[in-house]
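Peer 1: Pasting a structure here, questions to come.
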Amino acid sequence: MTIKEIAELANTSIGTVDRVINNRGRVSAETRKKIEEIIERYHFTPNPIAKRLQRRNDYRLCALLPQGNQDAGFWRQALSGIRNAGESISPLGVKTEIFEYDRYNFESFRNISDTVLKKKPDGLILAPVMPEKTKPFLDKLDVLGIPYVFFDADIPDASPLCVVGHDPFKGGYLAGRLMHLFIGRHKIERPLGVLDAHGEDYHVTRRRDGFLSYADKWDFPTIAMEYSGYRGLEISENEIEHFLRTSPDLSGVFITNCMAHQVAAARLHNTANHDVFIIGYDLLPENRRLLEEGCIDAIISQHSEEQSRTALLALYRHVVLKQNVPSRIDIPLEIYLKENVPNAKE
């Protein structure tokens, strides 16, 4: 439906319809009501290109996330999704700027987030992987009235327009069920290990909690080890090897982030742990390779690329199209085993 067709149905002028749509100028209450009823009945959405032509400048959306090479290259997937969505909305007058920071250096985050604020974007998507350090930045966004969408993670008590991702507690619980199926015993006697690789991240700790909840339900023994990124470092192979070496009776290990390949490598170096089942997150190239070789038993994929793409498009619908978006968009988890690993993208 066009503005001209709305004007004909309302028996009024195109100019009057335009004033109602853009909420400017004087229109009688009766005429306004008639036009609004037609808009609602026919689900009219203003042409985003026409809307852009009414503005002096393009829309500016920003994305804020860790550097692509960090966490074994995990963030490259998110960057790919943002770029894909950005290319699709670019012809509609939307400019997308990406800002990367060192997630293991708070000064880097503070400097980059200050740069984002100076840009005064129309909206922002971000992965809030440092809750305590991110909250002051979110407070500034709220004061400035800049809408923001979370992907990959969530922060309790924040006020995002939308959260794109999955329920991390359920993801950890799923890992517990998988481990139980792999080991195949009603009662697991040897302990299950949990490597909480980013103890400061809310969504990562919730995965740990979900796994431990499943283990507690079945009264399985567990050993949990937490490593915090606040140290300014990623978890190292030496730390993982030490964990395996000091826990020789493990029957399985769940690692709460994308570092399953490091656990698999450490297991190969430690002959006492060769029969340990390994379950991790994210189908990164190294995880894919070791999954295909049988060194990793299962990978839970949260589809980071789809999360970031969906987040930017949701922000676009809100900012540019003035559409309502849901407060949460769930991206289903998928389980990959050796037998169903998808072909790598060229």
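Note on naming: chains are A, B, ... as they come in the structure tokens, residues start from 1 per chain, ligands start from 1 in the order shown.
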With only C-alpha atoms as the counted atoms, please give the residues lying no more than 10 Å from Ala224 of chain A, apart from itself and same-chain residues fewer than 2 positions off, as JSON, numbers by chain.
Peer 2: {"A": [191, 192, 193, 194, 195, 196, 208, 212, 222, 226, 243, 253, 254, 255]}
Peer 1: Could you save the residues just selected, with C-alpha atoms, as an mmCIF file, in the first residue's frame?
Peer 2:
data_model
loop_
_atom_site.group_PDB
_atom_site.id
_atom_site.type_symbol
_atom_site.label_atom_id
_atom_site.label_comp_id
_atom_site.auth_asym_id
_atom_site.auth_seq_id
_atom_site.Cartn_x
_atom_site.Cartn_y
_atom_site.Cartn_z
ATOM 1 C CA PRO A 191 34.074 -36.838 38.405
ATOM 2 C CA LEU A 192 33.006 -34.523 35.590
ATOM 3 C CA GLY A 193 35.179 -31.448 35.078
ATOM 4 C CA VAL A 194 33.929 -27.976 34.215
ATOM 5 C CA LEU A 195 36.349 -25.359 32.910
ATOM 6 C CA ASP A 196 34.728 -21.952 33.370
ATOM 7 C CA ARG A 208 28.497 -23.687 34.132
ATOM 8 C CA LEU A 212 26.322 -28.435 37.452
ATOM 9 C CA THR A 222 32.104 -32.679 39.686
ATOM 10 C CA GLU A 226 37.250 -20.932 37.013
ATOM 11 C CA PHE A 243 43.904 -28.970 35.476
ATOM 12 C CA VAL A 253 35.236 -32.220 30.672
ATOM 13 C CA PHE A 254 32.815 -29.473 29.675
ATOM 14 C CA ILE A 255 34.494 -26.211 28.733
#
Peer 1: Can you pull out every residue within 7 Å of segment 277-293 of chain A, counting only C-alpha atoms, but drop anything in the same chain fewer than 6 positions away, and send it as a list in words?
Peer 2: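 Listing them by chain and then by number gives Phe74, Ala175, Ser251, Gly252, Val253, Phe254, Ile255, Thr256, Asn257, Cys258, Ala260, His261, Ile299, Ile300, Ser301, Gln302, Leu337 and Lys338 of chain A.
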Peer 1: Please, could you write that set of residues out with N, CA and C atoms as a PDB file, in the first residue's frame?
Peer 2:
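Written output follows (part.pdb):
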ATOM      1  N   PHE A  74      37.114 -16.540  17.774  1.00  0.00           N
ATOM      2  CA  PHE A  74      35.659 -16.664  17.898  1.00  0.00           C
ATOM      3  C   PHE A  74      34.925 -15.444  17.353  1.00  0.00           C
ATOM      4  N   ALA A 175      24.626 -29.648  27.827  1.00  0.00           N
ATOM      5  CA  ALA A 175      25.955 -30.261  27.848  1.00  0.00           C
ATOM      6  C   ALA A 175      26.014 -31.388  28.870  1.00  0.00           C
ATOM      7  N   SER A 251      36.090 -38.256  34.115  1.00  0.00           N
ATOM      8  CA  SER A 251      35.431 -39.042  33.071  1.00  0.00           C
ATOM      9  C   SER A 251      35.014 -38.164  31.898  1.00  0.00           C
ATOM     10  N   GLY A 252      34.916 -36.852  32.130  1.00  0.00           N
ATOM     11  CA  GLY A 252      34.541 -35.935  31.056  1.00  0.00           C
ATOM     12  C   GLY A 252      34.845 -34.506  31.448  1.00  0.00           C
ATOM     13  N   VAL A 253      34.986 -33.644  30.436  1.00  0.00           N
ATOM     14  CA  VAL A 253      35.236 -32.220  30.672  1.00  0.00           C
ATOM     15  C   VAL A 253      34.303 -31.402  29.790  1.00  0.00           C
ATOM     16  N   PHE A 254      33.602 -30.458  30.408  1.00  0.00           N
ATOM     17  CA  PHE A 254      32.815 -29.473  29.675  1.00  0.00           C
ATOM     18  C   PHE A 254      33.515 -28.138  29.819  1.00  0.00           C
ATOM     19  N   ILE A 255      33.885 -27.534  28.695  1.00  0.00           N
ATOM     20  CA  ILE A 255      34.494 -26.211  28.733  1.00  0.00           C
ATOM     21  C   ILE A 255      33.469 -25.211  28.221  1.00  0.00           C
ATOM     22  N   THR A 256      33.262 -24.142  28.983  1.00  0.00           N
ATOM     23  CA  THR A 256      32.105 -23.283  28.785  1.00  0.00           C
ATOM     24  C   THR A 256      32.233 -22.279  27.646  1.00  0.00           C
ATOM     25  N   ASN A 257      33.372 -22.271  26.964  1.00  0.00           N
ATOM     26  CA  ASN A 257      33.488 -21.362  25.828  1.00  0.00           C
ATOM     27  C   ASN A 257      34.070 -22.124  24.633  1.00  0.00           C
ATOM     28  N   CYS A 258      34.772 -21.414  23.755  1.00  0.00           N
ATOM     29  CA  CYS A 258      35.191 -21.999  22.479  1.00  0.00           C
ATOM     30  C   CYS A 258      36.538 -22.716  22.551  1.00  0.00           C
ATOM     31  N   ALA A 260      37.524 -25.694  23.464  1.00  0.00           N
ATOM     32  CA  ALA A 260      37.546 -27.163  23.551  1.00  0.00           C
ATOM     33  C   ALA A 260      38.782 -27.742  22.870  1.00  0.00           C
ATOM     34  N   HIS A 261      39.260 -27.093  21.805  1.00  0.00           N
ATOM     35  CA  HIS A 261      40.438 -27.616  21.097  1.00  0.00           C
ATOM     36  C   HIS A 261      41.670 -27.626  21.992  1.00  0.00           C
ATOM     37  N   ILE A 299      30.323 -30.591  19.937  1.00  0.00           N
ATOM     38  CA  ILE A 299      30.385 -29.136  19.975  1.00  0.00           C
ATOM     39  C   ILE A 299      28.949 -28.606  19.923  1.00  0.00           C
ATOM     40  N   ILE A 300      28.650 -27.705  20.854  1.00  0.00           N
ATOM     41  CA  ILE A 300      27.359 -27.022  20.858  1.00  0.00           C
ATOM     42  C   ILE A 300      27.543 -25.700  20.131  1.00  0.00           C
ATOM     43  N   SER A 301      26.820 -25.517  19.061  1.00  0.00           N
ATOM     44  CA  SER A 301      26.965 -24.299  18.262  1.00  0.00           C
ATOM     45  C   SER A 301      25.876 -23.303  18.636  1.00  0.00           C
ATOM     46  N   GLN A 302      26.289 -22.075  18.969  1.00  0.00           N
ATOM     47  CA  GLN A 302      25.330 -21.016  19.289  1.00  0.00           C
ATOM     48  C   GLN A 302      25.126 -20.065  18.111  1.00  0.00           C
ATOM     49  N   LEU A 337      28.378 -33.557  16.087  1.00  0.00           N
ATOM     50  CA  LEU A 337      29.226 -34.703  16.383  1.00  0.00           C
ATOM     51  C   LEU A 337      30.137 -34.937  15.177  1.00  0.00           C
ATOM     52  N   LYS A 338      30.998 -35.905  15.290  1.00  0.00           N
ATOM     53  CA  LYS A 338      31.908 -36.218  14.188  1.00  0.00           C
ATOM     54  C   LYS A 338      31.132 -36.525  12.910  1.00  0.00           C
TER      55      LYS A 338
END
Peer 1: Which one of A:Asn23, A:Asp297, A:Gly73, A:Val276 sits closest to Ile35 of chain A if you count only C-alpha atoms?
Peer 2: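 Result for the nearest residue to Ile35 of chain A: A:Asn23.
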Peer 1: Could you tell me, as a ChimeraX atom specification, which residues of segment 128-252 of chain A DSSP assigns to helix (DSSP H, G or I) when given the backbone?
Peer 2: /A:131-144,168-183,202-217,229-231,237-245
Peer 1: Find, counting only C-alpha atoms, the residue in A:Val263, A:Arg190, A:Asn343, A:Arg110 that gets nearest to Ile235 of chain A.
Peer 2: A:Val263
Peer 1: Go through A:Val116, A:Thr96, A:Lys4, A:Asn340 and flag the residue nearest Asn84 of chain A, using only C-alpha atoms for the distances.
Peer 2: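 The closest residue to Asn84 of chain A is A:Thr96.
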Peer 1: Mind running segment 59-134 of chain A against segment 157-165 of chain A at 12 Å and telling me each contacting residue's nearest atom pair with the distance in Å (one decimal), counting only C-alpha atoms, chain and number ascending, as CSV?
Peer 2:
residue,atom,partner,partner_atom,distance
A:Ala78,CA,A:Gly165,CA,12.0
A:Gly123,CA,A:Leu161,CA,9.9
A:Leu124,CA,A:Pro160,CA,9.9
A:Ile125,CA,A:Pro160,CA,9.3
A:Leu126,CA,A:Val163,CA,9.9
A:Ala127,CA,A:Val164,CA,9.8
A:Pro128,CA,A:Ala158,CA,10.2
A:Pro131,CA,A:Ala158,CA,9.5
A:Glu132,CA,A:Ala158,CA,11.1
A:Thr134,CA,A:Ala158,CA,10.0
Peer 1: Hey, can you spit out that residue selection with N, CA and C atoms as a CSV table (one decimal), in the first residue's frame?
Peer 2:
chain,number,residue,atom,x,y,z
A,78,ALA,N,31.2,-13.4,14.6
A,78,ALA,CA,30.3,-12.3,14.9
A,78,ALA,C,30.6,-11.1,13.9
A,123,GLY,N,21.9,4.0,17.0
A,123,GLY,CA,21.7,2.8,17.7
A,123,GLY,C,22.9,2.0,17.8
A,124,LEU,N,23.0,0.9,18.6
A,124,LEU,CA,24.2,0.2,18.9
A,124,LEU,C,23.9,-1.3,19.2
A,125,ILE,N,24.7,-2.2,18.6
A,125,ILE,CA,24.7,-3.6,19.1
A,125,ILE,C,26.0,-3.9,19.7
A,126,LEU,N,25.9,-4.7,20.8
A,126,LEU,CA,27.2,-5.0,21.5
A,126,LEU,C,27.1,-6.4,22.1
A,127,ALA,N,28.3,-7.0,22.3
A,127,ALA,CA,28.4,-8.2,23.1
A,127,ALA,C,28.9,-7.9,24.5
A,128,PRO,N,28.0,-7.9,25.5
A,128,PRO,CA,28.4,-7.4,26.8
A,128,PRO,C,29.2,-8.5,27.6
A,131,PRO,N,30.5,-7.6,32.1
A,131,PRO,CA,29.3,-7.0,32.7
A,131,PRO,C,29.6,-5.8,33.7
A,132,GLU,N,30.5,-6.0,34.6
A,132,GLU,CA,30.8,-4.9,35.6
A,132,GLU,C,31.4,-3.7,34.9
A,134,THR,N,31.0,-2.9,31.7
A,134,THR,CA,30.2,-2.4,30.6
A,134,THR,C,29.0,-1.6,31.2
Peer 1: When you count only C-alpha atoms, which of these residues is closest to Val320 of chain A: A:Arg267, A:Arg19, A:His242, A:Arg60?
Peer 2: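 Looking at the shortest contact to Val320 of chain A, the residue is A:Arg60.
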Peer 1: So which residues of segment 246-315 of chain A fall under strand (DSSP E) by DSSP, listed as JSON, numbers by chain?
Peer 2: {"A": [252, 253, 254, 255, 277, 278, 279, 280, 281, 298, 299, 300, 301]}
Peer 1: Can you tell me which residues surround Lys217 of chain A at a distance of at most 12 Å, considering only C-alpha atoms, apart from same-chain residues fewer than 6 positions away, and format the answer as a CSV table (one decimal) with N, CA and C atoms, in the first residue's frame?
Peer 2:
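That gives us part.csv:
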chain,number,residue,atom,x,y,z
A,173,TYR,N,23.0,-27.1,30.7
A,173,TYR,CA,22.2,-28.3,31.1
A,173,TYR,C,22.2,-29.3,30.0
A,176,GLY,N,25.3,-31.2,30.0
A,176,GLY,CA,25.3,-32.3,31.0
A,176,GLY,C,24.6,-33.5,30.5
A,177,ARG,N,23.5,-33.3,29.8
A,177,ARG,CA,22.7,-34.4,29.3
A,177,ARG,C,23.6,-35.2,28.2
A,180,HIS,N,26.2,-37.3,29.9
A,180,HIS,CA,25.6,-38.5,30.5
A,180,HIS,C,25.3,-39.5,29.4
A,186,HIS,N,24.1,-45.1,34.4
A,186,HIS,CA,23.1,-44.5,35.3
A,186,HIS,C,23.8,-43.7,36.3
A,187,LYS,N,24.9,-44.2,36.9
A,187,LYS,CA,25.6,-43.5,37.9
A,187,LYS,C,27.1,-43.3,37.4
A,210,GLY,N,24.2,-24.4,34.6
A,210,GLY,CA,23.3,-25.4,34.0
A,210,GLY,C,23.9,-26.8,34.0
A,211,PHE,N,25.2,-26.9,33.7
A,211,PHE,CA,25.9,-28.2,33.7
A,211,PHE,C,25.9,-28.8,35.1
Peer 1: Interatomic distance between atom CA of Lys34 of chain A and atom CA of Glu5 of chain A?
Peer 2: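 Separating atom CA of Lys34 of chain A from atom CA of Glu5 of chain A is a distance of 13.3 Å.
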Peer 1: Under the rule that only C-alpha atoms are counted, which of A:Trp218, A:Pro342, A:Ser304, A:Glu200 is the nearest residue to Gln77 of chain A?
Peer 2: A:Ser304
Peer 1: Rounded to one decimal, what separation in Å do you get between atom CA of Asp167 of chain A and atom CA of Tyr202 of chain A?
Peer 2: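 Spanning atom CA of Asp167 of chain A to atom CA of Tyr202 of chain A is a straight-line distance of 11.4 Å.
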Peer 1: Let me make sure I understand: among A:Leu141, A:Ala85, A:Leu321, A:Leu313, which one has the smallest atom-to-atom distance to Ile21 of chain A if we use only C-alpha atoms?
Peer 2: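 Selected residue with least distance to Ile21 of chain A: A:Leu321.
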Peer 1: Set the distance at 12 Å and use only C-alpha atoms: which residues neighbour Glu36 of chain A once local chain neighbours fewer than 2 positions away are removed? I'd like the list as a PyMOL selection string.
Peer 2: chain A and resi 3+6-7+9-10+16-23+27+29-34+38-45
Peer 1: Go ahead and write the residues just picked, C-alpha atoms, as a short mmCIF file (atom, residue, chain, number, x, y, z; two decimals), in the first residue's frame.
Peer 2:
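New file selection-v3.cif:
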data_model
loop_
_atom_site.label_atom_id
_atom_site.label_comp_id
_atom_site.auth_asym_id
_atom_site.auth_seq_id
_atom_site.Cartn_x
_atom_site.Cartn_y
_atom_site.Cartn_z
CA ILE A 3 0.54 6.91 0.80
CA ILE A 6 -4.20 5.64 2.00
CA ALA A 7 -5.20 9.19 1.01
CA LEU A 9 -9.32 5.51 1.21
CA ALA A 10 -9.41 8.31 3.80
CA THR A 16 -2.41 15.13 5.24
CA VAL A 17 -1.43 11.46 5.30
CA ASP A 18 2.24 12.42 5.35
CA ARG A 19 1.65 14.74 8.33
CA VAL A 20 -0.01 11.90 10.26
CA ILE A 21 2.73 9.38 9.44
CA ASN A 22 5.49 11.77 10.45
CA ASN A 23 3.52 13.32 13.32
CA VAL A 27 -4.63 17.38 11.35
CA ALA A 29 -8.73 14.39 15.26
CA GLU A 30 -11.36 12.71 13.06
CA THR A 31 -9.12 12.61 10.00
CA ARG A 32 -6.11 11.45 12.02
CA LYS A 33 -8.13 8.59 13.52
CA LYS A 34 -9.36 7.51 10.07
CA ILE A 38 -6.25 2.42 7.64
CA ILE A 39 -2.52 2.22 8.42
CA GLU A 40 -3.16 -0.39 11.11
CA ARG A 41 -5.64 -2.39 9.04
CA TYR A 42 -3.30 -2.69 6.05
CA HIS A 43 -0.04 -2.95 8.08
CA PHE A 44 1.44 0.00 6.24
CA THR A 45 5.21 0.53 6.69
#
